[in-house]
$ cat data.tsv   # TSV, N, CA and C atoms
chain	number	residue	atom	x	y	z
A	1	MET	N	27.15	24.11	-13.61
A	1	MET	CA	25.85	23.58	-13.92
A	1	MET	C	24.76	24.36	-13.16
A	2	THR	N	23.61	24.40	-13.75
A	2	THR	CA	22.49	25.08	-13.12
A	2	THR	C	21.55	24.03	-12.53
A	3	ASP	N	20.49	24.48	-11.87
A	3	ASP	CA	19.50	23.56	-11.35
A	3	ASP	C	18.62	22.99	-12.46
A	4	GLN	N	18.67	23.63	-13.61
A	4	GLN	CA	17.90	23.15	-14.74
A	4	GLN	C	18.60	21.93	-15.32
A	5	LYS	N	17.95	21.36	-16.33
A	5	LYS	CA	18.54	20.21	-16.97
A	5	LYS	C	19.82	20.64	-17.70
A	6	PRO	N	20.91	19.87	-17.55
A	6	PRO	CA	22.16	20.26	-18.20
A	6	PRO	C	22.04	20.20	-19.71
A	7	SER	N	22.84	21.03	-20.39
A	7	SER	CA	22.83	21.03	-21.85
A	7	SER	C	24.25	20.79	-22.36
A	8	VAL	N	24.33	20.00	-23.42
A	8	VAL	CA	25.61	19.61	-24.00
A	8	VAL	C	25.58	19.93	-25.49
A	9	LEU	N	26.67	20.53	-25.95
A	9	LEU	CA	26.85	20.83	-27.37
A	9	LEU	C	28.04	20.04	-27.88
A	10	PHE	N	27.82	19.21	-28.91
A	10	PHE	CA	28.89	18.47	-29.56
A	10	PHE	C	29.26	19.20	-30.85
A	11	VAL	N	30.54	19.47	-31.03
A	11	VAL	CA	30.99	20.23	-32.20
A	11	VAL	C	32.12	19.50	-32.92
A	12	CYS	N	31.97	19.32	-34.22
A	12	CYS	CA	33.07	18.89	-35.07
A	12	CYS	C	33.02	19.75	-36.34
A	13	VAL	N	33.92	19.53	-37.24
A	13	VAL	CA	34.02	20.42	-38.40
A	13	VAL	C	32.75	20.35	-39.25
A	14	HIS	N	32.37	19.14	-39.66
A	14	HIS	CA	31.27	19.01	-40.63
A	14	HIS	C	29.92	18.69	-40.00
A	15	ASN	N	29.88	18.37	-38.70
A	15	ASN	CA	28.64	18.00	-38.02
A	15	ASN	C	27.91	16.91	-38.81
A	16	ALA	N	28.70	15.96	-39.31
A	16	ALA	CA	28.13	14.91	-40.14
A	16	ALA	C	28.43	13.51	-39.62
A	17	GLY	N	29.39	13.39	-38.69
A	17	GLY	CA	29.78	12.07	-38.22
A	17	GLY	C	29.91	12.01	-36.72
A	18	ARG	N	31.08	12.38	-36.21
A	18	ARG	CA	31.37	12.25	-34.78
A	18	ARG	C	30.36	12.97	-33.90
A	19	SER	N	30.10	14.24	-34.17
A	19	SER	CA	29.20	15.01	-33.30
A	19	SER	C	27.77	14.49	-33.40
A	20	GLN	N	27.38	14.02	-34.57
A	20	GLN	CA	26.02	13.47	-34.72
A	20	GLN	C	25.89	12.14	-33.99
A	21	MET	N	26.94	11.31	-34.05
A	21	MET	CA	26.89	10.04	-33.32
A	21	MET	C	26.86	10.30	-31.81
A	22	ALA	N	27.67	11.26	-31.35
A	22	ALA	CA	27.69	11.58	-29.92
A	22	ALA	C	26.33	12.10	-29.47
A	23	ALA	N	25.74	12.98	-30.25
A	23	ALA	CA	24.42	13.51	-29.91
A	23	ALA	C	23.38	12.38	-29.89
A	24	GLY	N	23.47	11.47	-30.85
A	24	GLY	CA	22.56	10.33	-30.90
A	24	GLY	C	22.69	9.45	-29.66
A	25	TRP	N	23.93	9.19	-29.26
A	25	TRP	CA	24.15	8.39	-28.04
A	25	TRP	C	23.60	9.10	-26.81
A	26	LEU	N	23.88	10.40	-26.69
A	26	LEU	CA	23.44	11.10	-25.49
A	26	LEU	C	21.91	11.16	-25.42
A	27	ARG	N	21.26	11.42	-26.55
A	27	ARG	CA	19.79	11.41	-26.57
A	27	ARG	C	19.25	10.05	-26.14
A	28	GLU	N	19.87	8.99	-26.67
A	28	GLU	CA	19.43	7.63	-26.37
A	28	GLU	C	19.62	7.29	-24.90
A	29	LEU	N	20.79	7.62	-24.35
A	29	LEU	CA	21.13	7.21	-22.99
A	29	LEU	C	20.55	8.13	-21.92
A	30	ALA	N	20.38	9.41	-22.24
A	30	ALA	CA	19.90	10.38	-21.24
A	30	ALA	C	18.40	10.59	-21.29
A	31	GLY	N	17.79	10.25	-22.40
A	31	GLY	CA	16.36	10.54	-22.53
A	31	GLY	C	16.15	12.04	-22.47
A	32	ASP	N	15.19	12.47	-21.64
A	32	ASP	CA	14.92	13.91	-21.55
A	32	ASP	C	15.65	14.57	-20.39
A	33	ARG	N	16.64	13.87	-19.81
A	33	ARG	CA	17.36	14.43	-18.65
A	33	ARG	C	18.45	15.43	-19.04
A	34	VAL	N	18.83	15.44	-20.34
A	34	VAL	CA	19.87	16.34	-20.82
A	34	VAL	C	19.42	16.94	-22.14
A	35	GLU	N	19.67	18.24	-22.30
A	35	GLU	CA	19.40	18.90	-23.58
A	35	GLU	C	20.62	18.68	-24.47
A	36	VAL	N	20.38	18.21	-25.69
A	36	VAL	CA	21.48	17.81	-26.58
A	36	VAL	C	21.47	18.68	-27.84
A	37	ARG	N	22.66	19.21	-28.17
A	37	ARG	CA	22.83	19.98	-29.41
A	37	ARG	C	24.07	19.46	-30.13
A	38	SER	N	24.10	19.70	-31.43
A	38	SER	CA	25.33	19.44	-32.19
A	38	SER	C	25.43	20.48	-33.30
A	39	ALA	N	26.67	20.74	-33.70
A	39	ALA	CA	26.90	21.75	-34.75
A	39	ALA	C	28.29	21.54	-35.34
A	40	GLY	N	28.54	22.24	-36.44
A	40	GLY	CA	29.84	22.14	-37.10
A	40	GLY	C	30.35	23.50	-37.51
A	41	SER	N	31.67	23.64	-37.52
A	41	SER	CA	32.26	24.91	-37.93
A	41	SER	C	32.13	25.11	-39.44
A	42	MET	N	32.10	24.02	-40.21
A	42	MET	CA	31.85	24.06	-41.66
A	42	MET	C	30.93	22.89	-41.99
A	43	PRO	N	29.62	23.02	-41.71
A	43	PRO	CA	28.71	21.88	-41.85
A	43	PRO	C	28.68	21.30	-43.26
A	44	ALA	N	28.56	19.98	-43.31
A	44	ALA	CA	28.42	19.26	-44.57
A	44	ALA	C	26.99	19.42	-45.08
A	45	ASP	N	26.74	18.89	-46.27
A	45	ASP	CA	25.39	18.93	-46.85
A	45	ASP	C	24.46	17.92	-46.20
A	46	GLN	N	25.04	16.81	-45.73
A	46	GLN	CA	24.22	15.75	-45.15
A	46	GLN	C	25.05	14.97	-44.14
A	47	ILE	N	24.37	14.19	-43.32
A	47	ILE	CA	25.06	13.33	-42.35
A	47	ILE	C	25.76	12.21	-43.11
A	48	ASN	N	26.91	11.82	-42.62
A	48	ASN	CA	27.68	10.71	-43.19
A	48	ASN	C	26.82	9.44	-43.16
A	49	PRO	N	26.54	8.86	-44.33
A	49	PRO	CA	25.68	7.67	-44.35
A	49	PRO	C	26.28	6.48	-43.60
A	50	VAL	N	27.60	6.40	-43.51
A	50	VAL	CA	28.22	5.30	-42.77
A	50	VAL	C	28.01	5.51	-41.26
A	51	ALA	N	28.03	6.76	-40.81
A	51	ALA	CA	27.72	7.05	-39.41
A	51	ALA	C	26.27	6.68	-39.09
A	52	VAL	N	25.37	6.98	-40.01
A	52	VAL	CA	23.97	6.61	-39.85
A	52	VAL	C	23.84	5.10	-39.75
A	53	GLU	N	24.53	4.38	-40.63
A	53	GLU	CA	24.48	2.91	-40.63
A	53	GLU	C	25.05	2.35	-39.32
A	54	ALA	N	26.17	2.91	-38.85
A	54	ALA	CA	26.79	2.42	-37.62
A	54	ALA	C	25.86	2.61	-36.43
A	55	MET	N	25.18	3.75	-36.37
A	55	MET	CA	24.26	4.00	-35.27
A	55	MET	C	23.01	3.12	-35.39
A	56	ARG	N	22.55	2.89	-36.61
A	56	ARG	CA	21.39	2.03	-36.83
A	56	ARG	C	21.67	0.63	-36.29
A	57	GLU	N	22.90	0.16	-36.43
A	57	GLU	CA	23.28	-1.16	-35.90
A	57	GLU	C	23.05	-1.23	-34.38
A	58	GLU	N	23.10	-0.08	-33.71
A	58	GLU	CA	22.89	-0.02	-32.26
A	58	GLU	C	21.45	0.34	-31.91
A	59	GLY	N	20.59	0.42	-32.93
A	59	GLY	CA	19.19	0.72	-32.69
A	59	GLY	C	18.90	2.21	-32.52
A	60	ILE	N	19.83	3.06	-32.97
A	60	ILE	CA	19.66	4.51	-32.84
A	60	ILE	C	19.54	5.11	-34.23
A	61	ASP	N	18.44	5.81	-34.46
A	61	ASP	CA	18.17	6.39	-35.77
A	61	ASP	C	18.52	7.88	-35.77
A	62	ILE	N	19.54	8.24	-36.53
A	62	ILE	CA	19.92	9.66	-36.64
A	62	ILE	C	19.65	10.19	-38.06
A	63	THR	N	18.83	9.47	-38.83
A	63	THR	CA	18.57	9.87	-40.22
A	63	THR	C	17.86	11.22	-40.33
A	64	ALA	N	17.09	11.61	-39.32
A	64	ALA	CA	16.34	12.87	-39.40
A	64	ALA	C	17.21	14.08	-39.10
A	65	GLU	N	18.41	13.86	-38.58
A	65	GLU	CA	19.28	14.98	-38.21
A	65	GLU	C	19.89	15.62	-39.46
A	66	GLN	N	20.18	16.90	-39.34
A	66	GLN	CA	20.83	17.65	-40.42
A	66	GLN	C	22.04	18.37	-39.85
A	67	PRO	N	23.15	18.43	-40.59
A	67	PRO	CA	24.29	19.23	-40.12
A	67	PRO	C	23.87	20.69	-39.93
A	68	LYS	N	24.32	21.27	-38.82
A	68	LYS	CA	23.96	22.64	-38.48
A	68	LYS	C	25.22	23.47	-38.27
A	69	VAL	N	25.15	24.74	-38.56
A	69	VAL	CA	26.29	25.62	-38.39
A	69	VAL	C	26.44	25.99	-36.92
A	70	LEU	N	27.67	26.03	-36.47
A	70	LEU	CA	27.98	26.41	-35.10
A	70	LEU	C	27.70	27.89	-34.91
A	71	THR	N	26.90	28.21	-33.90
A	71	THR	CA	26.59	29.61	-33.60
A	71	THR	C	27.08	29.96	-32.20
A	72	THR	N	27.33	31.23	-31.99
A	72	THR	CA	27.71	31.71	-30.68
A	72	THR	C	26.61	31.40	-29.67
A	73	GLU	N	25.36	31.53	-30.11
A	73	GLU	CA	24.24	31.28	-29.22
A	73	GLU	C	24.21	29.83	-28.74
A	74	ALA	N	24.53	28.89	-29.63
A	74	ALA	CA	24.54	27.48	-29.24
A	74	ALA	C	25.55	27.24	-28.13
A	75	VAL	N	26.71	27.89	-28.24
A	75	VAL	CA	27.73	27.74	-27.20
A	75	VAL	C	27.26	28.41	-25.91
A	76	GLN	N	26.73	29.62	-26.03
A	76	GLN	CA	26.26	30.35	-24.84
A	76	GLN	C	25.16	29.58	-24.11
A	77	ASP	N	24.31	28.88	-24.85
A	77	ASP	CA	23.17	28.18	-24.26
A	77	ASP	C	23.53	26.80	-23.72
A	78	SER	N	24.79	26.39	-23.82
A	78	SER	CA	25.21	25.05	-23.40
A	78	SER	C	26.07	25.12	-22.15
A	79	ASP	N	25.89	24.14	-21.27
A	79	ASP	CA	26.72	24.03	-20.07
A	79	ASP	C	28.06	23.37	-20.39
A	80	VAL	N	28.02	22.38	-21.27
A	80	VAL	CA	29.20	21.62	-21.64
A	80	VAL	C	29.36	21.68	-23.15
A	81	VAL	N	30.58	21.98	-23.60
A	81	VAL	CA	30.89	22.02	-25.03
A	81	VAL	C	31.97	20.98	-25.29
A	82	ILE	N	31.62	19.98	-26.10
A	82	ILE	CA	32.55	18.92	-26.45
A	82	ILE	C	32.99	19.16	-27.89
A	83	THR	N	34.28	19.40	-28.09
A	83	THR	CA	34.81	19.61	-29.43
A	83	THR	C	35.49	18.33	-29.91
A	84	MET	N	35.45	18.15	-31.20
A	84	MET	CA	36.04	16.97	-31.84
A	84	MET	C	36.76	17.40	-33.10
A	85	GLY	N	37.88	18.05	-32.91
A	85	GLY	CA	38.68	18.43	-34.06
A	85	GLY	C	38.28	19.71	-34.75
A	86	CYS	N	37.54	20.60	-34.08
A	86	CYS	CA	37.18	21.85	-34.75
A	86	CYS	C	38.17	22.96	-34.43
A	87	GLY	N	39.11	22.69	-33.52
A	87	GLY	CA	40.19	23.63	-33.25
A	87	GLY	C	39.72	24.99	-32.78
A	88	ASP	N	40.33	26.02	-33.32
A	88	ASP	CA	40.06	27.39	-32.88
A	88	ASP	C	38.74	27.94	-33.40
A	89	ALA	N	38.01	27.17	-34.20
A	89	ALA	CA	36.74	27.66	-34.73
A	89	ALA	C	35.67	27.72	-33.65
A	90	CYS	N	35.90	27.07	-32.52
A	90	CYS	CA	34.90	27.04	-31.46
A	90	CYS	C	35.04	28.25	-30.56
A	91	PRO	N	33.98	29.05	-30.42
A	91	PRO	CA	34.05	30.20	-29.52
A	91	PRO	C	34.21	29.76	-28.07
A	92	PHE	N	34.89	30.55	-27.29
A	92	PHE	CA	35.14	30.22	-25.89
A	92	PHE	C	34.44	31.23	-24.99
A	93	PHE	N	33.70	30.74	-24.01
A	93	PHE	CA	33.05	31.60	-23.04
A	93	PHE	C	33.42	31.13	-21.64
A	94	PRO	N	33.84	32.05	-20.77
A	94	PRO	CA	34.15	31.67	-19.40
A	94	PRO	C	32.94	31.05	-18.72
A	95	GLY	N	33.19	30.10	-17.84
A	95	GLY	CA	32.11	29.47	-17.10
A	95	GLY	C	31.54	28.23	-17.75
A	96	LYS	N	31.95	27.97	-18.98
A	96	LYS	CA	31.49	26.76	-19.66
A	96	LYS	C	32.51	25.65	-19.40
A	97	ARG	N	32.05	24.43	-19.41
A	97	ARG	CA	32.94	23.29	-19.33
A	97	ARG	C	33.27	22.86	-20.76
A	98	TYR	N	34.56	22.82	-21.07
A	98	TYR	CA	35.00	22.42	-22.40
A	98	TYR	C	35.80	21.12	-22.31
A	99	GLU	N	35.56	20.23	-23.25
A	99	GLU	CA	36.37	19.03	-23.41
A	99	GLU	C	36.66	18.88	-24.89
A	100	ASP	N	37.87	18.41	-25.19
A	100	ASP	CA	38.20	18.11	-26.59
A	100	ASP	C	38.43	16.62	-26.68
A	101	TRP	N	37.58	15.94	-27.43
A	101	TRP	CA	37.69	14.51	-27.60
A	101	TRP	C	38.49	14.23	-28.87
A	102	LYS	N	39.62	13.56	-28.72
A	102	LYS	CA	40.45	13.17	-29.87
A	102	LYS	C	39.86	11.89	-30.44
A	103	LEU	N	39.21	12.02	-31.57
A	103	LEU	CA	38.55	10.89	-32.24
A	103	LEU	C	38.91	10.90	-33.72
A	104	ASP	N	39.07	9.72	-34.29
A	104	ASP	CA	39.28	9.65	-35.73
A	104	ASP	C	38.04	10.17	-36.44
A	105	ASP	N	38.26	10.78	-37.59
A	105	ASP	CA	37.15	11.29	-38.39
A	105	ASP	C	36.59	10.15	-39.23
A	106	PRO	N	35.28	9.87	-39.12
A	106	PRO	CA	34.70	8.79	-39.92
A	106	PRO	C	34.52	9.13	-41.40
A	107	ALA	N	34.76	10.38	-41.79
A	107	ALA	CA	34.56	10.78	-43.19
A	107	ALA	C	35.41	9.91	-44.11
A	108	GLY	N	34.77	9.35	-45.12
A	108	GLY	CA	35.47	8.55	-46.11
A	108	GLY	C	35.85	7.15	-45.63
A	109	GLN	N	35.45	6.78	-44.43
A	109	GLN	CA	35.78	5.47	-43.87
A	109	GLN	C	34.65	4.49	-44.11
A	110	GLY	N	35.00	3.22	-44.15
A	110	GLY	CA	34.00	2.16	-44.26
A	110	GLY	C	33.45	1.82	-42.88
A	111	ILE	N	32.39	1.01	-42.87
A	111	ILE	CA	31.72	0.66	-41.62
A	111	ILE	C	32.67	-0.02	-40.63
A	112	GLU	N	33.61	-0.82	-41.11
A	112	GLU	CA	34.55	-1.51	-40.21
A	112	GLU	C	35.41	-0.51	-39.45
A	113	SER	N	35.70	0.63	-40.04
A	113	SER	CA	36.50	1.67	-39.39
A	113	SER	C	35.64	2.58	-38.51
A	114	VAL	N	34.36	2.72	-38.86
A	114	VAL	CA	33.47	3.63	-38.12
A	114	VAL	C	32.95	2.99	-36.83
A	115	ARG	N	32.80	1.67	-36.82
A	115	ARG	CA	32.29	1.00	-35.60
A	115	ARG	C	33.14	1.30	-34.36
A	116	PRO	N	34.48	1.19	-34.44
A	116	PRO	CA	35.27	1.50	-33.23
A	116	PRO	C	35.14	2.97	-32.81
A	117	ILE	N	34.97	3.88	-33.75
A	117	ILE	CA	34.77	5.30	-33.42
A	117	ILE	C	33.44	5.44	-32.68
A	118	ARG	N	32.40	4.82	-33.22
A	118	ARG	CA	31.07	4.83	-32.60
A	118	ARG	C	31.15	4.29	-31.17
A	119	ASP	N	31.85	3.19	-30.99
A	119	ASP	CA	31.93	2.56	-29.67
A	119	ASP	C	32.75	3.41	-28.70
A	120	ASP	N	33.80	4.05	-29.19
A	120	ASP	CA	34.60	4.97	-28.36
A	120	ASP	C	33.73	6.14	-27.90
A	121	ILE	N	32.95	6.68	-28.83
A	121	ILE	CA	32.05	7.78	-28.50
A	121	ILE	C	31.04	7.35	-27.44
A	122	LYS	N	30.48	6.14	-27.57
A	122	LYS	CA	29.51	5.66	-26.58
A	122	LYS	C	30.12	5.66	-25.19
A	123	GLY	N	31.33	5.15	-25.05
A	123	GLY	CA	31.99	5.11	-23.74
A	123	GLY	C	32.20	6.50	-23.17
A	124	ARG	N	32.61	7.43	-24.01
A	124	ARG	CA	32.82	8.81	-23.56
A	124	ARG	C	31.50	9.46	-23.14
A	125	VAL	N	30.44	9.20	-23.91
A	125	VAL	CA	29.13	9.76	-23.58
A	125	VAL	C	28.62	9.18	-22.26
A	126	GLU	N	28.83	7.88	-22.05
A	126	GLU	CA	28.41	7.26	-20.78
A	126	GLU	C	29.12	7.91	-19.59
A	127	THR	N	30.42	8.17	-19.74
A	127	THR	CA	31.19	8.83	-18.68
A	127	THR	C	30.67	10.24	-18.44
A	128	LEU	N	30.46	10.99	-19.53
A	128	LEU	CA	29.93	12.34	-19.44
A	128	LEU	C	28.58	12.35	-18.74
A	129	LEU	N	27.70	11.46	-19.12
A	129	LEU	CA	26.37	11.39	-18.55
A	129	LEU	C	26.43	11.11	-17.05
A	130	ALA	N	27.30	10.20	-16.64
A	130	ALA	CA	27.45	9.88	-15.23
A	130	ALA	C	27.89	11.12	-14.44
A	131	GLU	N	28.77	11.94	-15.05
A	131	GLU	CA	29.24	13.16	-14.40
A	131	GLU	C	28.14	14.22	-14.33
A	132	LEU	N	27.34	14.32	-15.38
A	132	LEU	CA	26.28	15.33	-15.44
A	132	LEU	C	25.14	15.05	-14.49
A	133	LEU	N	24.86	13.78	-14.25
A	133	LEU	CA	23.67	13.42	-13.49
A	133	LEU	C	23.98	12.98	-12.06
A	134	VAL	N	25.09	13.44	-11.50
A	134	VAL	CA	25.40	13.09	-10.10
A	134	VAL	C	24.47	13.80	-9.14

$ encode --input "data.tsv" --output "structure tokens"
Amino acid sequence: MTDQKPSVLFVCVHNAGRSQMAAGWLRELAGDRVEVRSAGSMPADQINPVAVEAMREEGIDITAEQPKVLTTEAVQDSDVVITMGCGDACPFFPGKRYEDWKLDDPAGQGIESVRPIRDDIKGRVETLLAELLV
């Protein structure tokens, strides 16, 4: 970590569900104390509407977000890279902190299945934030 504000990149395949929910939670919980990015190795056309609905239930609006393609620059510019099922598509750079979060994919799931994923992500983000802001 640097003396500057830490930066976190959340990566999943489509950047439409898990990584967008994680980014939404981190923005909500960290405010301006952490720089938040998200991207996908094969971005979808739009964010998963069920993920949007699940986050809205928690008072977090991610409707303005768009799936973005994962770039080498995004990884280079981040202190922490959290992957969620993107496998070998994520570039690796020495000196970065990498974590792989095993999470179910909300794609094609109903709200009853997405809520536990959302809540699992919140807990992981809270832990990450506590580690980043020591």

$ closest_residue --input "data.tsv" --among "A:Gln66, A:Ser7, A:Thr83, A:Gln76" --to "A:Gln46" --atoms "only C-alpha atoms"
A:Gln66

$ select_by_dssp --input "data.tsv" --residues "chain A" --states "strand (DSSP E or B)" --output "PDB file with N, CA and C atoms, in the frame of the given file"
ATOM      1  N   SER A   7      22.840  21.030 -20.390  1.00  0.00           N
ATOM      2  CA  SER A   7      22.830  21.030 -21.850  1.00  0.00           C
ATOM      3  C   SER A   7      24.250  20.790 -22.360  1.00  0.00           C
ATOM      4  N   VAL A   8      24.330  20.000 -23.420  1.00  0.00           N
ATOM      5  CA  VAL A   8      25.610  19.610 -24.000  1.00  0.00           C
ATOM      6  C   VAL A   8      25.580  19.930 -25.490  1.00  0.00           C
ATOM      7  N   LEU A   9      26.670  20.530 -25.950  1.00  0.00           N
ATOM      8  CA  LEU A   9      26.850  20.830 -27.370  1.00  0.00           C
ATOM      9  C   LEU A   9      28.040  20.040 -27.880  1.00  0.00           C
ATOM     10  N   PHE A  10      27.820  19.210 -28.910  1.00  0.00           N
ATOM     11  CA  PHE A  10      28.890  18.470 -29.560  1.00  0.00           C
ATOM     12  C   PHE A  10      29.260  19.200 -30.850  1.00  0.00           C
ATOM     13  N   VAL A  11      30.540  19.470 -31.030  1.00  0.00           N
ATOM     14  CA  VAL A  11      30.990  20.230 -32.200  1.00  0.00           C
ATOM     15  C   VAL A  11      32.120  19.500 -32.920  1.00  0.00           C
ATOM     16  N   CYS A  12      31.970  19.320 -34.220  1.00  0.00           N
ATOM     17  CA  CYS A  12      33.070  18.890 -35.070  1.00  0.00           C
ATOM     18  C   CYS A  12      33.020  19.750 -36.340  1.00  0.00           C
ATOM     19  N   GLU A  35      19.670  18.240 -22.300  1.00  0.00           N
ATOM     20  CA  GLU A  35      19.400  18.900 -23.580  1.00  0.00           C
ATOM     21  C   GLU A  35      20.620  18.680 -24.470  1.00  0.00           C
ATOM     22  N   VAL A  36      20.380  18.210 -25.690  1.00  0.00           N
ATOM     23  CA  VAL A  36      21.480  17.810 -26.580  1.00  0.00           C
ATOM     24  C   VAL A  36      21.470  18.680 -27.840  1.00  0.00           C
ATOM     25  N   ARG A  37      22.660  19.210 -28.170  1.00  0.00           N
ATOM     26  CA  ARG A  37      22.830  19.980 -29.410  1.00  0.00           C
ATOM     27  C   ARG A  37      24.070  19.460 -30.130  1.00  0.00           C
ATOM     28  N   SER A  38      24.100  19.700 -31.430  1.00  0.00           N
ATOM     29  CA  SER A  38      25.330  19.440 -32.190  1.00  0.00           C
ATOM     30  C   SER A  38      25.430  20.480 -33.300  1.00  0.00           C
ATOM     31  N   ALA A  39      26.670  20.740 -33.700  1.00  0.00           N
ATOM     32  CA  ALA A  39      26.900  21.750 -34.750  1.00  0.00           C
ATOM     33  C   ALA A  39      28.290  21.540 -35.340  1.00  0.00           C
ATOM     34  N   GLY A  40      28.540  22.240 -36.440  1.00  0.00           N
ATOM     35  CA  GLY A  40      29.840  22.140 -37.100  1.00  0.00           C
ATOM     36  C   GLY A  40      30.350  23.500 -37.510  1.00  0.00           C
ATOM     37  N   VAL A  69      25.150  24.740 -38.560  1.00  0.00           N
ATOM     38  CA  VAL A  69      26.290  25.620 -38.390  1.00  0.00           C
ATOM     39  C   VAL A  69      26.440  25.990 -36.920  1.00  0.00           C
ATOM     40  N   VAL A  80      28.020  22.380 -21.270  1.00  0.00           N
ATOM     41  CA  VAL A  80      29.200  21.620 -21.640  1.00  0.00           C
ATOM     42  C   VAL A  80      29.360  21.680 -23.150  1.00  0.00           C
ATOM     43  N   VAL A  81      30.580  21.980 -23.600  1.00  0.00           N
ATOM     44  CA  VAL A  81      30.890  22.020 -25.030  1.00  0.00           C
ATOM     45  C   VAL A  81      31.970  20.980 -25.290  1.00  0.00           C
ATOM     46  N   ILE A  82      31.620  19.980 -26.100  1.00  0.00           N
ATOM     47  CA  ILE A  82      32.550  18.920 -26.450  1.00  0.00           C
ATOM     48  C   ILE A  82      32.990  19.160 -27.890  1.00  0.00           C
ATOM     49  N   THR A  83      34.280  19.400 -28.090  1.00  0.00           N
ATOM     50  CA  THR A  83      34.810  19.610 -29.430  1.00  0.00           C
ATOM     51  C   THR A  83      35.490  18.330 -29.910  1.00  0.00           C
ATOM     52  N   MET A  84      35.450  18.150 -31.200  1.00  0.00           N
ATOM     53  CA  MET A  84      36.040  16.970 -31.840  1.00  0.00           C
ATOM     54  C   MET A  84      36.760  17.400 -33.100  1.00  0.00           C
ATOM     55  N   ARG A  97      32.050  24.430 -19.410  1.00  0.00           N
ATOM     56  CA  ARG A  97      32.940  23.290 -19.330  1.00  0.00           C
ATOM     57  C   ARG A  97      33.270  22.860 -20.760  1.00  0.00           C
ATOM     58  N   TYR A  98      34.560  22.820 -21.070  1.00  0.00           N
ATOM     59  CA  TYR A  98      35.000  22.420 -22.400  1.00  0.00           C
ATOM     60  C   TYR A  98      35.800  21.120 -22.310  1.00  0.00           C
ATOM     61  N   GLU A  99      35.560  20.230 -23.250  1.00  0.00           N
ATOM     62  CA  GLU A  99      36.370  19.030 -23.410  1.00  0.00           C
ATOM     63  C   GLU A  99      36.660  18.880 -24.890  1.00  0.00           C
ATOM     64  N   ASP A 100      37.870  18.410 -25.190  1.00  0.00           N
ATOM     65  CA  ASP A 100      38.200  18.110 -26.590  1.00  0.00           C
ATOM     66  C   ASP A 100      38.430  16.620 -26.680  1.00  0.00           C
TER      67      ASP A 100
END

$ select_by_dssp --input "data.tsv" --residues "chain A" --states "alpha helix (DSSP H)" --output "VMD selection string"
chain A and resid 18 to 30 49 to 57 72 to 76 111 to 132

$ closest_residue --input "data.tsv" --among "A:Asn15, A:Gln109, A:Ser38, A:Gln4" --to "A:Ala74" --atoms "only C-alpha atoms"
A:Ser38

$ closest_residue --input "data.tsv" --among "A:Lys122, A:Lys5, A:Lys102, A:Lys96" --to "A:Met21" --atoms "all atoms listed in the file"
A:Lys122

$ closest_residue --input "data.tsv" --among "A:Glu28, A:Glu57, A:Glu99, A:Asp45" --to "A:Arg118" --atoms "only C-alpha atoms"
A:Glu57

$ closest_residue --input "data.tsv" --among "A:Ile62, A:Tyr98, A:Ile117, A:Asp104" --to "A:Asp79" --atoms "only N, CA and C atoms"
A:Tyr98

$ residues_around --input "data.tsv" --residues "A:Ile82" --least-positions-apart "6" --cutoff "7 Å" --atoms "all atoms listed in the file" --output "PDB file with N, CA and C atoms, in the frame of the given file"
ATOM      1  N   VAL A   8      24.330  20.000 -23.420  1.00  0.00           N
ATOM      2  CA  VAL A   8      25.610  19.610 -24.000  1.00  0.00           C
ATOM      3  C   VAL A   8      25.580  19.930 -25.490  1.00  0.00           C
ATOM      4  N   LEU A   9      26.670  20.530 -25.950  1.00  0.00           N
ATOM      5  CA  LEU A   9      26.850  20.830 -27.370  1.00  0.00           C
ATOM      6  C   LEU A   9      28.040  20.040 -27.880  1.00  0.00           C
ATOM      7  N   PHE A  10      27.820  19.210 -28.910  1.00  0.00           N
ATOM      8  CA  PHE A  10      28.890  18.470 -29.560  1.00  0.00           C
ATOM      9  C   PHE A  10      29.260  19.200 -30.850  1.00  0.00           C
ATOM     10  N   VAL A  11      30.540  19.470 -31.030  1.00  0.00           N
ATOM     11  CA  VAL A  11      30.990  20.230 -32.200  1.00  0.00           C
ATOM     12  C   VAL A  11      32.120  19.500 -32.920  1.00  0.00           C
ATOM     13  N   CYS A  12      31.970  19.320 -34.220  1.00  0.00           N
ATOM     14  CA  CYS A  12      33.070  18.890 -35.070  1.00  0.00           C
ATOM     15  C   CYS A  12      33.020  19.750 -36.340  1.00  0.00           C
ATOM     16  N   ARG A  97      32.050  24.430 -19.410  1.00  0.00           N
ATOM     17  CA  ARG A  97      32.940  23.290 -19.330  1.00  0.00           C
ATOM     18  C   ARG A  97      33.270  22.860 -20.760  1.00  0.00           C
ATOM     19  N   TYR A  98      34.560  22.820 -21.070  1.00  0.00           N
ATOM     20  CA  TYR A  98      35.000  22.420 -22.400  1.00  0.00           C
ATOM     21  C   TYR A  98      35.800  21.120 -22.310  1.00  0.00           C
ATOM     22  N   GLU A  99      35.560  20.230 -23.250  1.00  0.00           N
ATOM     23  CA  GLU A  99      36.370  19.030 -23.410  1.00  0.00           C
ATOM     24  C   GLU A  99      36.660  18.880 -24.890  1.00  0.00           C
ATOM     25  N   ASP A 100      37.870  18.410 -25.190  1.00  0.00           N
ATOM     26  CA  ASP A 100      38.200  18.110 -26.590  1.00  0.00           C
ATOM     27  C   ASP A 100      38.430  16.620 -26.680  1.00  0.00           C
ATOM     28  N   TRP A 101      37.580  15.940 -27.430  1.00  0.00           N
ATOM     29  CA  TRP A 101      37.690  14.510 -27.600  1.00  0.00           C
ATOM     30  C   TRP A 101      38.490  14.230 -28.870  1.00  0.00           C
TER      31      TRP A 101
END

$ atom_distance --input "data.tsv" --atom1 "atom N of A:Phe92" --atom2 "atom CA of A:Met42"
16.1 Å

$ axis_aligned_box --input "data.tsv" --around "stretch 103-109 of chain A" --padding-each-side "4 Å" --output "AutoDock Vina command-line options"
--center_x 36.9 --center_y 8.3 --center_z -38.8 --size_x 12.8 --size_y 15.5 --size_z 22.5

$ residues_around --input "data.tsv" --residues "A:Leu29" --least-positions-apart "2" --cutoff "9 Å" --atoms "only C-alpha atoms" --output "PyMOL selection string"
chain A and resi 24-27+31+125-126+129
